[in-house]
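Shown next: start-v1.txt, containing compact mmCIF, C-alpha atoms and all ligand atoms.
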```txt
# COMPACT_ATOMS: atom_id res chain seq x y z
CA MET P 20 -20.93 9.20 -70.91
CA PRO P 21 -19.45 9.92 -67.44
CA ARG P 22 -21.74 11.39 -64.83
CA PHE P 23 -20.22 12.96 -61.72
CA ASP P 24 -22.22 13.37 -58.53
CA VAL P 25 -20.24 15.63 -56.24
CA LEU P 26 -20.87 15.77 -52.49
CA THR P 27 -19.80 19.29 -51.55
CA LEU P 28 -20.59 22.07 -49.11
CA PHE P 29 -19.56 24.60 -51.78
CA ALA P 30 -21.38 23.87 -55.05
CA GLY P 31 -20.53 27.39 -56.29
CA TYR P 32 -16.97 26.25 -57.02
CA PHE P 33 -18.29 24.17 -59.92
CA GLU P 34 -20.13 26.95 -61.76
CA PRO P 35 -17.04 28.13 -63.71
CA LEU P 36 -16.61 24.57 -65.02
CA ARG P 37 -20.11 24.66 -66.46
CA THR P 38 -19.69 28.07 -68.07
CA GLN P 39 -16.08 28.36 -69.29
CA GLY P 40 -13.89 26.95 -72.03
CA ILE P 41 -13.47 23.29 -72.90
CA CYS P 42 -15.49 22.03 -69.93
CA ARG P 43 -18.45 24.14 -70.91
CA ARG P 44 -18.39 22.45 -74.31
CA ALA P 45 -18.39 19.03 -72.63
CA PHE P 46 -21.35 19.92 -70.39
CA ASP P 47 -23.34 21.68 -73.12
CA SER P 48 -23.04 18.69 -75.44
CA GLY P 49 -23.95 16.28 -72.63
CA ALA P 50 -20.59 14.47 -72.99
CA VAL P 51 -20.17 14.84 -69.23
CA GLN P 52 -22.81 15.37 -66.56
CA LEU P 53 -22.30 17.05 -63.21
CA HIS P 54 -24.67 17.08 -60.24
CA THR P 55 -23.88 18.50 -56.83
CA TRP P 56 -25.26 17.36 -53.49
CA ASN P 57 -24.86 19.49 -50.39
CA PRO P 58 -24.63 17.44 -47.17
CA ARG P 59 -26.14 20.43 -45.36
CA ASP P 60 -29.43 19.80 -47.19
CA PHE P 61 -29.47 16.37 -45.52
CA ALA P 62 -28.34 17.46 -42.05
CA SER P 63 -30.68 17.33 -39.07
CA GLY P 64 -31.19 19.78 -36.19
CA ALA P 65 -32.04 23.45 -36.13
CA HIS P 66 -28.55 24.44 -37.31
CA ARG P 67 -28.20 21.74 -39.97
CA SER P 68 -24.66 21.11 -38.75
CA VAL P 69 -22.34 19.22 -41.06
CA ASP P 70 -19.31 19.15 -38.76
CA ASP P 71 -18.40 18.68 -35.11
CA ARG P 72 -15.38 18.72 -32.83
CA PRO P 73 -12.98 15.78 -33.04
CA TYR P 74 -13.13 13.06 -30.41
CA GLY P 75 -9.93 13.17 -28.41
CA GLY P 76 -9.68 16.93 -28.71
CA GLY P 77 -7.40 18.99 -30.87
CA PRO P 78 -7.90 21.73 -33.41
CA GLY P 79 -10.48 22.02 -36.18
CA MET P 80 -13.72 20.25 -37.01
CA VAL P 81 -14.56 16.93 -38.64
CA MET P 82 -17.27 16.34 -41.27
CA LEU P 83 -20.17 14.37 -39.84
CA ALA P 84 -20.74 10.94 -41.40
CA GLU P 85 -24.55 11.05 -41.30
CA PRO P 86 -25.26 14.02 -43.63
CA LEU P 87 -22.62 12.69 -46.00
CA LEU P 88 -24.26 9.28 -46.09
CA ALA P 89 -27.71 10.80 -46.64
CA ALA P 90 -26.31 12.89 -49.52
CA LEU P 91 -24.61 9.80 -50.96
CA ARG P 92 -27.88 7.85 -50.82
CA ALA P 93 -29.73 10.66 -52.59
CA ALA P 94 -27.03 10.82 -55.28
CA ARG P 95 -27.18 7.04 -55.79
CA GLN P 96 -30.96 7.11 -56.04
CA ALA P 97 -30.86 9.91 -58.60
CA ARG P 98 -28.27 8.03 -60.64
CA GLU P 99 -30.43 4.91 -60.57
CA GLN P 100 -33.55 6.86 -61.62
CA ALA P 101 -31.60 8.40 -64.50
CA GLY P 102 -30.51 4.92 -65.61
CA ALA P 103 -26.83 5.60 -64.84
CA PRO P 104 -24.88 2.45 -63.94
CA PRO P 105 -23.45 2.12 -60.41
CA ALA P 106 -20.24 4.08 -59.90
CA PRO P 107 -17.42 4.12 -57.36
CA VAL P 108 -17.29 6.59 -54.47
CA LEU P 109 -14.02 8.54 -54.56
CA LEU P 110 -12.86 10.77 -51.71
CA PHE P 111 -10.29 13.53 -52.18
CA SER P 112 -7.59 13.36 -49.53
CA PRO P 113 -3.88 14.18 -49.22
CA ALA P 114 -3.57 10.57 -47.99
CA GLY P 115 -4.91 9.18 -51.27
CA ARG P 116 -2.97 7.86 -54.24
CA ALA P 117 -1.87 10.64 -56.60
CA LEU P 118 -4.20 11.05 -59.57
CA ARG P 119 -2.61 9.88 -62.84
CA GLN P 120 -3.55 10.23 -66.47
CA ALA P 121 -4.22 6.47 -66.63
CA ASP P 122 -6.91 6.92 -63.93
CA VAL P 123 -8.37 9.84 -65.87
CA GLN P 124 -8.44 7.78 -69.09
CA ARG P 125 -10.28 4.95 -67.31
CA LEU P 126 -12.78 7.36 -65.77
CA ALA P 127 -13.32 9.04 -69.15
CA GLN P 128 -14.61 5.73 -70.48
CA SER P 129 -16.61 4.82 -67.40
CA PRO P 130 -20.10 5.74 -66.13
CA GLY P 131 -18.37 8.32 -63.85
CA ALA P 132 -18.16 8.46 -60.08
CA VAL P 133 -19.52 9.95 -56.88
CA LEU P 134 -16.88 12.44 -55.69
CA VAL P 135 -16.66 13.38 -52.02
CA CYS P 136 -15.08 16.74 -51.21
CA GLY P 137 -13.69 16.92 -47.70
CA ARG P 138 -13.44 20.14 -45.67
CA TYR P 139 -12.07 21.11 -42.24
CA GLU P 140 -9.80 18.41 -40.77
CA GLY P 141 -11.42 15.86 -43.05
CA VAL P 142 -14.22 13.29 -42.97
CA ASP P 143 -15.24 10.97 -40.09
CA GLN P 144 -13.15 7.83 -40.73
CA ARG P 145 -16.19 5.57 -40.36
CA PHE P 146 -17.80 7.07 -43.46
CA ILE P 147 -14.56 6.38 -45.33
CA ASP P 148 -14.31 2.82 -44.00
CA ARG P 149 -17.87 1.94 -44.98
CA HIS P 150 -18.61 3.93 -48.11
CA VAL P 151 -15.47 5.11 -49.93
CA ASP P 152 -13.96 2.93 -52.64
CA ALA P 153 -10.74 4.89 -53.19
CA GLU P 154 -8.98 8.04 -51.99
CA ILE P 155 -7.39 10.40 -54.50
CA SER P 156 -4.70 13.00 -53.88
CA LEU P 157 -3.84 15.93 -56.10
CA GLY P 158 -0.29 16.00 -54.74
CA ASP P 159 1.79 16.36 -51.61
CA PHE P 160 0.30 19.62 -50.37
CA VAL P 161 -2.80 20.60 -48.42
CA LEU P 162 -5.78 22.47 -49.86
CA SER P 163 -8.70 23.75 -47.82
CA GLY P 164 -11.18 21.43 -49.53
CA GLY P 165 -11.74 18.70 -52.08
CA GLU P 166 -13.54 21.00 -54.55
CA ILE P 167 -10.45 22.01 -56.51
CA PRO P 168 -9.25 18.39 -56.85
CA ALA P 169 -12.78 17.44 -57.98
CA MET P 170 -12.75 20.22 -60.58
CA ALA P 171 -9.31 19.10 -61.75
CA LEU P 172 -10.51 15.53 -62.19
CA ILE P 173 -13.71 16.52 -64.01
CA ASP P 174 -11.79 18.88 -66.31
CA ALA P 175 -9.25 16.15 -67.14
CA VAL P 176 -12.07 13.70 -67.94
CA ALA P 177 -14.14 16.23 -69.90
CA ARG P 178 -11.33 17.07 -72.33
CA LEU P 179 -10.97 13.38 -73.24
CA GLN P 180 -14.58 13.05 -74.38
CA PRO P 181 -14.96 12.67 -78.17
CA GLY P 182 -15.67 15.99 -79.90
CA VAL P 183 -14.77 18.17 -76.92
CA LEU P 184 -11.26 19.23 -77.95
CA GLY P 185 -10.90 21.05 -81.26
CA ASP P 186 -8.49 18.38 -82.50
CA GLU P 187 -8.73 14.80 -81.19
CA LEU P 188 -4.98 14.39 -81.68
CA SER P 189 -4.15 16.98 -79.01
CA ALA P 190 -5.17 14.68 -76.18
CA GLN P 191 -3.26 11.77 -77.70
CA GLN P 192 -0.09 13.87 -77.84
CA ASP P 193 -0.37 15.29 -74.34
CA SER P 194 2.01 14.40 -71.54
CA PHE P 195 1.44 10.94 -70.01
CA SER P 196 -0.93 9.75 -72.77
CA ASP P 197 1.83 7.68 -74.25
CA GLY P 198 3.76 7.44 -70.98
CA LEU P 199 6.18 10.34 -71.62
CA LEU P 200 6.15 14.11 -71.09
CA ASP P 201 5.10 16.26 -74.05
CA CYS P 202 7.69 17.88 -76.34
CA PRO P 203 8.31 21.68 -76.47
CA HIS P 204 5.99 23.71 -78.71
CA TYR P 205 6.69 26.80 -80.84
CA THR P 206 4.57 29.27 -82.80
CA ARG P 207 5.09 32.58 -84.61
CA PRO P 208 7.26 34.63 -84.81
CA PRO P 209 10.20 32.48 -86.02
CA LEU P 210 12.62 34.68 -84.03
CA PHE P 211 11.66 35.82 -80.53
CA ASP P 212 13.99 37.62 -78.13
CA GLY P 213 17.04 36.24 -79.94
CA LEU P 214 15.72 32.67 -79.86
CA GLU P 215 14.96 30.80 -83.09
CA VAL P 216 12.40 28.08 -83.70
CA PRO P 217 14.25 24.75 -84.21
CA GLN P 218 14.99 24.53 -87.94
CA VAL P 219 13.46 21.05 -88.36
CA LEU P 220 9.98 22.40 -87.48
CA LEU P 221 10.12 24.88 -90.37
CA GLY P 222 11.13 22.33 -93.03
CA GLY P 223 7.82 20.51 -93.63
CA ASP P 224 9.40 17.01 -93.46
CA HIS P 225 6.74 15.28 -91.36
CA ALA P 226 8.77 12.15 -90.61
CA ARG P 227 11.74 14.22 -89.39
CA ILE P 228 9.41 16.45 -87.33
CA ALA P 229 7.77 13.40 -85.72
CA ARG P 230 11.19 11.95 -84.86
CA TRP P 231 12.41 15.30 -83.46
CA ARG P 232 9.33 15.55 -81.29
CA ARG P 233 9.68 11.99 -80.03
CA ASP P 234 13.37 12.60 -79.22
CA ARG P 235 12.53 15.74 -77.26
CA MET P 236 9.81 13.85 -75.34
CA LEU P 237 12.29 11.17 -74.39
CA GLU P 238 15.02 13.65 -73.54
CA LEU P 239 12.80 15.82 -71.35
CA SER P 240 11.25 12.81 -69.63
CA TRP P 241 14.70 11.31 -68.99
CA ARG P 242 15.92 14.55 -67.46
CA ARG P 243 12.86 15.34 -65.35
CA ARG P 244 10.98 12.07 -64.84
CA PRO P 245 13.38 9.18 -65.53
CA GLU P 246 10.95 6.70 -63.97
CA LEU P 247 8.57 7.31 -66.91
CA VAL P 248 11.26 6.31 -69.41
CA LEU P 249 12.33 3.29 -67.35
CA ALA P 250 8.71 2.11 -67.23
CA MET P 251 8.46 2.41 -71.03
CA GLU P 252 11.73 0.50 -71.36
CA ARG P 253 10.51 -2.29 -69.06
CA ALA P 254 7.27 -2.52 -71.03
CA GLN P 255 9.33 -2.75 -74.25
CA ARG P 256 7.59 0.32 -75.64
CA LEU P 257 10.75 2.01 -76.94
CA ASP P 258 11.52 1.55 -80.64
CA ARG P 259 15.06 1.20 -82.06
CA ASP P 260 15.52 4.97 -82.45
CA ASP P 261 14.25 5.54 -78.89
CA GLN P 262 16.72 2.98 -77.58
CA ARG P 263 19.58 4.59 -79.49
CA LEU P 264 18.76 8.00 -78.00
CA LEU P 265 18.41 6.52 -74.52
CA ARG P 266 21.86 4.91 -74.82
CA ALA P 267 23.29 8.31 -75.80
CA LEU P 268 21.53 9.99 -72.86
CA ARG P 269 22.90 7.39 -70.46
CA GLU P 270 26.42 7.84 -71.82
CA ARG P 271 26.08 11.59 -71.44
CA ASP P 272 24.88 11.16 -67.84
CA ALA P 273 27.81 8.87 -67.06
CA GLY P 274 30.06 11.89 -67.73
CA ALA P 275 28.24 14.64 -65.87
CA ASP P 276 25.08 13.63 -64.04
CA ASP P 277 23.05 16.84 -63.75
CA ARG P 278 19.88 14.71 -63.46
CA GLN P 279 20.89 13.93 -59.88
CA ALA P 280 21.27 17.59 -58.88
CA PRO P 281 19.25 18.45 -55.75
CA ASP P 282 15.78 19.82 -56.47
CA PRO P 283 16.06 23.64 -56.18
CA GLY P 284 12.29 24.03 -55.65
CA TYR P 285 10.23 26.78 -57.27
CA THR P 286 11.43 29.80 -55.31
C1 LIG P 301 -7.68 21.05 -44.84
S1 LIG P 301 -7.86 19.57 -45.76
C2 LIG P 301 -7.64 18.35 -44.51
C3 LIG P 301 -6.23 17.96 -44.35
C4 LIG P 301 -6.03 16.79 -43.41
N1 LIG P 301 -6.24 17.18 -42.05
C5 LIG P 301 -4.62 16.28 -43.60
O1 LIG P 301 -3.70 16.83 -42.98
O2 LIG P 301 -4.42 15.35 -44.40
C6 LIG P 301 -9.58 19.49 -46.12
C7 LIG P 301 -9.92 18.65 -47.31
O3 LIG P 301 -9.30 19.15 -48.46
C8 LIG P 301 -9.10 18.10 -49.39
N2 LIG P 301 -7.67 18.09 -49.78
C9 LIG P 301 -6.70 18.86 -49.23
N3 LIG P 301 -5.53 18.64 -49.81
C10 LIG P 301 -5.74 17.71 -50.77
C11 LIG P 301 -4.90 17.06 -51.70
N4 LIG P 301 -3.62 17.30 -51.79
N5 LIG P 301 -5.46 16.16 -52.54
C12 LIG P 301 -6.77 15.88 -52.47
N6 LIG P 301 -7.61 16.46 -51.59
C13 LIG P 301 -7.12 17.36 -50.75
C14 LIG P 301 -9.55 16.81 -48.73
O4 LIG P 301 -10.84 16.48 -49.17
C15 LIG P 301 -9.52 17.19 -47.26
O5 LIG P 301 -10.42 16.43 -46.50
```

Would you mind writing the file's structure down as structure tokens?
Amino acid sequence: MPRFDVLTLFAGYFEPLRTQGICRRAFDSGAVQLHTWNPRDFASGAHRSVDDRPYGGGPGMVMLAEPLLAALRAARQAREQAGAPPAPVLLFSPAGRALRQADVQRLAQSPGAVLVCGRYEGVDQRFIDRHVDAEISLGDFVLSGGEIPAMALIDAVARLQPGVLGDELSAQQDSFSDGLLDCPHYTRPPLFDGLEVPQVLLGGDHARIARWRRDRMLELSWRRRPELVLAMERAQRLDRDDQRLLRALRERDAGADDRQAPDPGYT
């Protein structure tokens, strides 16, 4: 059962996780545990400062190493007293490696982690050098703190705990679980805004439906994330039907390669 000890100046961010939706179910059942530690509670001086100006000048503030270390020690001690096995210290940072579903799956089956949420310009590098095992990024953009990445990670882990999702199969069929993106989904009505539900999904032939879904997963992944398909191919995880579809997709691309079109962005 994963236990997360989160070092954060803003514990309030985590309340919605405890009280809403799927995560609430995970916390209520004890499938996941969450404890927060505020470095300010471990800071010294009249003002209990947790940040200071950067050496060398420049804008912004830097999180002090000492209150963070004191909070980390308290978290470790509490874990030990609760009989939780030792766990890695993970810092959220745009400079970290992007979080992947494989990391989430490993964490879901682990004793959890101590998560460090940065703020301001970031954390004094010496704390990172001495006490952080890995840095995790949520993507190539900058947030104002590590709390949202921490919530994202805990949510992703919580939904993988047995009994937390309504149907265990949902997690197995999600994007990245099997290495590919998920297929499109449809529900009632059968005709919406002039668009019909693909006929195969209405026919009740489970083998044909499974094949259709797999084909759409491959097709979408090939169009949007070809590296996922190439990795599956290298790992010899494509069956004969997959390989046949991939050959057809490659032939189609050889004619008109819209996969290579420049990324238009979101706006
Ligand atoms: C304003 S950011 C600091 C940005 C830092 N000066 C930089 O340019 O890389 C404050 C904190 O938010 C968190 N953060 C911001 N963007 C993130 C991202 N993409 N992934 C993970 N954590 C992030 C980190 O904990 C970071 O220390």

Legend entry - Env. residues ligand LIG 301 (chain P) / 7 Å / all atoms listed in the file / as a list in words: Leu110, Phe111, Ser112, Pro113, Ala114, Cys136, Gly137, Arg138, Tyr139, Glu140, Gly141, Val142, Ile155, Ser156, Leu157, Gly158, Asp159, Phe160, Val161, Leu162, Ser163, Gly164, Gly165 and Pro168 of chain P

Inset, instruction - Provide the CA of Tyr74 (chain P) to CA of Asp60 (chain P) distance in Å, to one decimal place. - result: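 Distance reported for this atom pair: 24.3 Å.
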
Return as CSV the residues of region 61-173 of chain P lying at most 8 Å from region 29-51 of chain P, together with the closest atom-to-atom pair for each and the distance in Å to one decimal, counting all atoms listed in the file, with rows in chain order and ascending residue number.
```
residue,atom,partner,partner_atom,distance
P:Glu166,CA,P:Tyr32,CA,6.7
P:Ile167,CA,P:Tyr32,CA,7.8
P:Met170,CA,P:Phe33,CA,6.8
```

Residues within 7 Å of (-15.8, 7.7, -55.5), counting all atoms listed in the file, listed as a PDB file with C-alpha atoms, in the coordinates of the input:
```
ATOM      1  CA  PRO P 107     -17.420   4.120 -57.360  1.00  0.00           C
ATOM      2  CA  VAL P 108     -17.290   6.590 -54.470  1.00  0.00           C
ATOM      3  CA  LEU P 109     -14.020   8.540 -54.560  1.00  0.00           C
ATOM      4  CA  LEU P 110     -12.860  10.770 -51.710  1.00  0.00           C
ATOM      5  CA  ALA P 132     -18.160   8.460 -60.080  1.00  0.00           C
ATOM      6  CA  VAL P 133     -19.520   9.950 -56.880  1.00  0.00           C
ATOM      7  CA  LEU P 134     -16.880  12.440 -55.690  1.00  0.00           C
ATOM      8  CA  VAL P 135     -16.660  13.380 -52.020  1.00  0.00           C
ATOM      9  CA  VAL P 151     -15.470   5.110 -49.930  1.00  0.00           C
ATOM     10  CA  ASP P 152     -13.960   2.930 -52.640  1.00  0.00           C
ATOM     11  CA  ALA P 153     -10.740   4.890 -53.190  1.00  0.00           C
TER      12      ALA P 153
END
```

Can you check which parts of region 133-214 of chain P lie within 12 Å of region 239-242 of chain P? Per residue, the shortest pair of atoms and distance in Å to one decimal, counting only C-alpha atoms, sorted by chain and number, as CSV.
```
residue,atom,partner,partner_atom,distance
P:Ser194,CA,P:Ser240,CA,9.6
P:Phe195,CA,P:Ser240,CA,10.0
P:Asp197,CA,P:Ser240,CA,11.7
P:Gly198,CA,P:Ser240,CA,9.3
P:Leu199,CA,P:Ser240,CA,6.0
P:Leu200,CA,P:Ser240,CA,5.5
P:Asp201,CA,P:Leu239,CA,8.2
P:Cys202,CA,P:Leu239,CA,7.4
P:Pro203,CA,P:Leu239,CA,9.0
```

Legend entry - Non-local contacts of Ala89 (chain P) (10 Å; all atoms listed in the file; under 2 positions in same chain excluded) as a ChimeraX atom specification: /P:56-62,84-87,91-95

Legend entry - Length of the CA of Arg116 (chain P) to CA of Glu154 (chain P) vector [Å]: 6.4 Å

Inset, instruction - Quote the spacing between CA of Ala127 (chain P) and CA of Ile173 (chain P) in Å to one decimal place. - result: 9.1 Å

Can you list every residue of region 208-232 of chain P that has an atom at most 12 Å from region 244-265 of chain P, with its nearest atom pair and the distance in Å to one decimal, using all atoms listed in the file, ordered by chain then number, as a Markdown table?
```
| residue | atom | partner | partner_atom | distance |
| --- | --- | --- | --- | --- |
| P:Ala229 | CA | P:Asp260 | CA | 11.9 |
| P:Arg230 | CA | P:Asp260 | CA | 8.6 |
| P:Trp231 | CA | P:Asp260 | CA | 10.8 |
| P:Arg232 | CA | P:Asp261 | CA | 11.4 |
```

Assuming 6 Å of padding per side, give the centre and edge lengths of the axis-aligned box around every listed atom of region 245-255 of chain P, in Å to one decimal and as AutoDock Vina command-line options.
```
--center_x 10.3 --center_y 3.2 --center_z -69.1 --size_x 18.1 --size_y 23.9 --size_z 22.3
```

Inset, instruction - Compare P:Arg149, P:Arg98, P:His225, P:Arg269 by their minimum atom-to-atom distance to Gly131 (chain P), counting all atoms listed in the file, and give me the closest one. - result: P:Arg98

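Between Arg119 (chain P) and the candidates P:Arg233, P:Ser196, P:Gly223, P:Phe23, the tightest atom-to-atom separation, counting all atoms listed in the file, involves P:Ser196.
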
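Near Glu99 (chain P), within a cut-off of 12 Å and counting only C-alpha atoms, sit the residues P:Arg22, P:Asp24, P:Arg92, P:Ala93, P:Pro105, P:Ala106, P:Pro130, with same-chain residues fewer than 6 positions away left out.
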
Using the incomplete input, complete region 126-140 of chain P to the level of N, CA and C atoms; output as a compact mmCIF listing (two decimals), in the coordinates of the input.
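Heads up, here's the output in out-v4.txt:
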```txt
# COMPACT_ATOMS: atom_id res chain seq x y z
N LEU P 126 -11.54 6.68 -66.16
CA LEU P 126 -12.78 7.36 -65.77
C LEU P 126 -13.51 7.95 -66.97
N ALA P 127 -12.73 8.41 -67.95
CA ALA P 127 -13.32 9.04 -69.15
C ALA P 127 -14.18 8.03 -69.92
N GLN P 128 -13.85 6.75 -69.76
CA GLN P 128 -14.61 5.73 -70.48
C GLN P 128 -15.55 4.96 -69.57
N SER P 129 -15.79 5.52 -68.40
CA SER P 129 -16.61 4.82 -67.40
C SER P 129 -17.93 5.56 -67.22
N PRO P 130 -18.85 5.01 -66.41
CA PRO P 130 -20.10 5.74 -66.13
C PRO P 130 -19.88 6.93 -65.18
N GLY P 131 -18.64 7.19 -64.74
CA GLY P 131 -18.37 8.32 -63.85
C GLY P 131 -18.15 7.88 -62.42
N ALA P 132 -18.45 8.76 -61.48
CA ALA P 132 -18.16 8.46 -60.08
C ALA P 132 -18.94 9.41 -59.18
N VAL P 133 -19.06 9.01 -57.91
CA VAL P 133 -19.52 9.95 -56.88
C VAL P 133 -18.25 10.49 -56.22
N LEU P 134 -18.09 11.80 -56.23
CA LEU P 134 -16.88 12.44 -55.69
C LEU P 134 -17.21 13.10 -54.36
N VAL P 135 -16.42 12.81 -53.35
CA VAL P 135 -16.66 13.38 -52.02
C VAL P 135 -15.59 14.41 -51.73
N CYS P 136 -16.02 15.65 -51.49
CA CYS P 136 -15.08 16.74 -51.21
C CYS P 136 -15.01 16.95 -49.71
N GLY P 137 -13.87 16.68 -49.12
CA GLY P 137 -13.69 16.92 -47.70
C GLY P 137 -13.51 18.40 -47.42
N ARG P 138 -13.70 18.78 -46.17
CA ARG P 138 -13.44 20.14 -45.67
C ARG P 138 -12.94 20.01 -44.24
N TYR P 139 -12.55 21.08 -43.64
CA TYR P 139 -12.07 21.11 -42.24
C TYR P 139 -10.89 20.15 -42.05
N GLU P 140 -10.91 19.36 -40.97
CA GLU P 140 -9.80 18.41 -40.77
C GLU P 140 -9.97 17.16 -41.63
```
